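Asker: Here it is, the structure, as structure tokens.
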Amino acid sequence: MTDTTSTKATEPASEGFSLIAFFRSPAAGAFMGFVVVFVIFAIFGFSRNFLSVPGITTWVNFASLVGIIAIPVGFLMIAGELDISTGAVLPAGAMTVAIVSGHYELPVLVGILVALGIGALIGFVNGTIVTRTQVPSFIVTLATLFAVAGLTLYLSILFINNTNSFYQAPAWAKSLFGGKVFGFNSSVFWWAGLVAVFYYFLHKSPKGPWVFALGGDQESARNAGIPVRNLKIGLFMLCSTCAAFAGALQVITFNSATSQANFGLIFNTIISVVVGGVLLTGGFGTVMGIVFGVLTLAIVTQAIGFTEIDRNLSFLIIGVMLLIAVLMNDTFRNLATSWSTSKKK
Amino acid sequence: MSDKKPVLELRNVDKSFGPIDVLHEISLKVGEGEVLCLLGDNGAGKSTLIKTLAGVHQPTRGEILMDGTPTSFSSPRDAQERGIATVHQFGGTYPLMSVGHNFFMGMEPTKGVGPFKVYDREKANRIAVEEVQKMGITRITDGDRLVGGLSGGERQSLAIARAVYFGARVLILDEPTAALGVKQAAHVLRIVNEAKRRGLAVIFITHQVMHAMAVGDHFAVLIRGAIAADFRKGDKTREEIADLMAGGESMADLEANIEGYMETHDGHPPQPAA
């Protein structure tokens, strides 16, 4: 009762702390990691066109397709769930566009909408199983990964008797979904737009905190009246729909689609999210952090050919980076929660 | 029992899960500005009783009355909307989220118009800090601070302040002091008194007799799912209550036993039974 410090006077101007807040935020680590990797690659790649237009567009174009999927994967991780079915949903989306619009010659928008619908359906199945059972989402989405991959192969043979397909989109669709501006694919601009939407949703909209609450303490979230089940199903649907959309962009950009599951994509999205400062245990993370995580991963895997660093080292760099990121995330969490004790009276 | 009209009342409530009777003939009431202490050892049925009050379980028999009219809560959300707030042992908070976010979780204040409403962080933080300070926690001055950095007592206080702010009429506190040190517990008890002063009906669940004595107006001891004793402040001494909770076995005898043992064993206490 006597430990009453002057109450109102100590009210801090929150904005004044923004720089400190930034360095405490999980995005800061991802940003600094990106800067370090970029500078090192720029030094070693200066003589080999790392900073040229093709040098930059190579990894940015790659980042855009991974990034469109990585952000919703990050949402799920913040909410305490994992989705690895994306590796099968992307080819499913790509093949759907190729079959519907290419083989059956329906309008391209119909193909894209069917692909997005299939994505949403897979997400709905994932979300429903995860929320209705006690099975961890890793296992559920591992199962749907294989189920969808198998189904895509089977249906591709059934419909077009081929596991690969070619599709030439009409000119307007090509420029909208698969064109190039100064070497940057359309997917880069779609990604930028989606980043803005996702940023608004997670960090500005009143629903954003609910996602964090799911990963923080699900029981309390339910007690606070948050529609836990529907929100989770919604996030799974968002994730699969984005994966299907990335598939649609891919087929329109490269004019071809394959029904082979893209296992690398699973690792790429999850590595990006973790390097981007999202806690594996949920409850913490930022959209901008994931964006930097994706860009860092893209530089290391795609732009290494534009530098004097041996291409074979890229996996090593990623492994080391991932470990550092996980350790840093833990440190950031401890820093963030001990904020109060350090500045108490 | 009280001249105040009870806000929440249980009449002969039974709760069984299949063949197992967990609660038996429970009758309780709590009025405005009153603290009802529910005492009971582990396994006495306290948790089931709380869950029945909070709408998680429906009673098998008997009725729940709110303001004198029979009612039933279909879900925790339903109970909450009618003013029954439950605060759990660890405060039900999200450690990696800010004070403001925790305070307004599920009821985020917004600014802006149309579909582009944004979460009003400044307003949330300001109100959260104000409300927590009103409850006497002056150490919380920054709504951006993460709750993980607060002490257990402060988290409890935050959760209680939240319940009060959102218009709770009945506050159910589930062992709020169990995991706390002496100082922190005193803090929480002060906040319980503050809630009582504001006219809330408080149901305080604990197995710490001292804490119950400090704030309670009315006590009920729960043993094996039934009310073993029901009395008002000042009717019984601390020792009598402790004896009741231990199931009739006299605490004084127990203490004497232990002391006797220690005298003959170089001051070592007896090994606890497994």
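Note on naming: chains are A, B, ... as they come in the structure tokens, residues start from 1 per chain, ligands start from 1 in the order shown.
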Can you check which residues of range 103-329 of chain A DSSP gives as strand (DSSP E or B) on the backbone and send them as a ChimeraX atom specification?

Answerer: /A:164-166,180-181,184-185,256-258

Asker: Distance limit 9 Å, atoms considered: only C-alpha atoms. Which chain B residues sit that close to chain A? Return them as an NGL selection string.

Answerer: :B and (76-77 or 80 or 86 or 91-97 or 101-102 or 105-110 or 116-122 or 133 or 136-150 or 187)

Asker: CA of Ile271 in chain A and CA of Met77 in chain A, how far apart in Å?

Answerer: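 It comes out at 11.7 Å.
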
Asker: Excluding same-chain residues fewer than 5 positions from Thr128 in chain A, what lies within 12 Å of it counting only C-alpha atoms, as an mmCIF file with C-alpha atoms, in the first residue's frame?

Answerer:
data_model
loop_
_atom_site.group_PDB
_atom_site.id
_atom_site.type_symbol
_atom_site.label_atom_id
_atom_site.label_comp_id
_atom_site.auth_asym_id
_atom_site.auth_seq_id
_atom_site.Cartn_x
_atom_site.Cartn_y
_atom_site.Cartn_z
ATOM 1 C CA ALA A 120 -10.264 -23.364 -49.779
ATOM 2 C CA LEU A 121 -11.771 -26.837 -49.602
ATOM 3 C CA ILE A 122 -8.458 -28.451 -48.655
ATOM 4 C CA GLY A 123 -7.981 -25.786 -45.990
ATOM 5 C CA THR A 133 -9.923 -33.954 -33.091
ATOM 6 C CA GLN A 134 -6.910 -33.887 -30.828
ATOM 7 C CA VAL A 135 -4.573 -34.823 -33.681
ATOM 8 C CA SER A 137 -1.918 -30.182 -37.140
ATOM 9 C CA VAL A 140 -3.194 -33.810 -40.133
ATOM 10 C CA THR A 141 -1.545 -31.687 -42.794
ATOM 11 C CA VAL A 228 -11.643 -20.309 -31.758
ATOM 12 C CA ARG A 229 -12.823 -23.067 -34.062
ATOM 13 C CA ASN A 230 -14.031 -20.873 -36.904
ATOM 14 C CA LEU A 231 -11.003 -18.620 -36.756
ATOM 15 C CA LYS A 232 -8.685 -21.593 -36.980
ATOM 16 C CA ILE A 233 -10.569 -23.150 -39.871
ATOM 17 C CA GLY A 234 -10.492 -19.744 -41.549
ATOM 18 C CA LEU A 235 -6.717 -19.522 -41.191
ATOM 19 C CA PHE A 236 -6.253 -22.996 -42.673
ATOM 20 C CA MET A 237 -8.501 -22.021 -45.575
#

Asker: Within 8 Å of Ser314 in chain A, counting only C-alpha atoms, which residues qualify if same-chain residues fewer than 3 places away don't, as a list in words?

Answerer: Val300, Thr301, Ile304, Asp310, Arg311, Ile317 and Ile318 of chain A

Asker: Could you give me, as a ChimeraX atom specification, the residues within 10 Å of Glu175 in chain B, counting only C-alpha atoms and dropping anything in the same chain fewer than 5 positions from it?

Answerer: /B:38-39,46-47,87-90,180,204-208

Asker: Using CA of Tyr154 in chain A and CA of Leu76 in chain A as the two end points, give the distance in Å to one decimal.

Answerer: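 We find that CA of Tyr154 in chain A and CA of Leu76 in chain A lie 29.1 Å from each other.
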
Asker: Taking only residues of range 155-249 of chain A that have an atom at most 7 Å from an atom of range 96-102 of chain A, what is each one's shortest atom pair and its distance in Å to one decimal, using only C-alpha atoms, in chain and number order, as a tab-separated table?

Answerer:
residue	atom	partner	partner_atom	distance
A:Ser165	CA	A:Ala98	CA	6.3
A:Phe166	CA	A:Ala98	CA	6.6
A:Tyr167	CA	A:Gly102	CA	5.1
A:Ala248	CA	A:Val97	CA	6.2

Asker: Could those residues be written to a file, using C-alpha atoms, as a PDB file, in the first residue's frame?

Answerer:
ATOM      1  CA  SER A 165       0.603 -29.739 -68.764  1.00  0.00           C
ATOM      2  CA  PHE A 166       1.145 -26.596 -70.766  1.00  0.00           C
ATOM      3  CA  TYR A 167      -1.084 -23.586 -70.744  1.00  0.00           C
ATOM      4  CA  ALA A 248      -2.179 -20.316 -60.493  1.00  0.00           C
TER       5      ALA A 248
END

Asker: Just list as a ChimeraX atom specification whatever in range 108-250 of chain A DSSP marks as alpha helix (DSSP H).

Answerer: /A:108-132,137-160,171-177,186-199,208-216,218-223,228-250

Asker: Quick check, in Å to one decimal: how far apart do CA of Leu90 in chain A and CA of Phe198 in chain A lie?

Answerer: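 Going from CA of Leu90 in chain A over to CA of Phe198 in chain A, I get 19.5 Å.
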
Asker: Pick out the residues sitting within 8 Å of Trp59 in chain A, and hand them over as a PyMOL selection string; count only C-alpha atoms, and ignore anything fewer than 6 positions along from it in its own chain.

Answerer: chain A and resi 295+298-299+302-303

Asker: With a distance cut-off of 12 Å and only C-alpha atoms, select the neighbouring residues of Leu189 in chain B, excluding the residue or stretch itself and same-chain residues fewer than 6 positions from it, and output the selection as a ChimeraX atom specification.

Answerer: /B:35,135-136,153-154,156-157,160,173,175-178,180,182-183,195-196,202,204,206,208,210-216

Asker: Smallest atom-to-atom distance to Val278 in chain A: which of A:Ala246, A:Leu113, A:Ala325, A:Ile84, using only C-alpha atoms?

Answerer: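 Answer, going by the shortest atom-to-atom distance: A:Ala325.
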
Asker: Let me make sure I understand: among B:Thr48, B:Ser16, B:Leu8, B:Val99, which one has the smallest atom-to-atom distance to Ala79 in chain B if we use only C-alpha atoms?

Answerer: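 Of the candidates, the smallest distance to Ala79 in chain B is held by B:Leu8.
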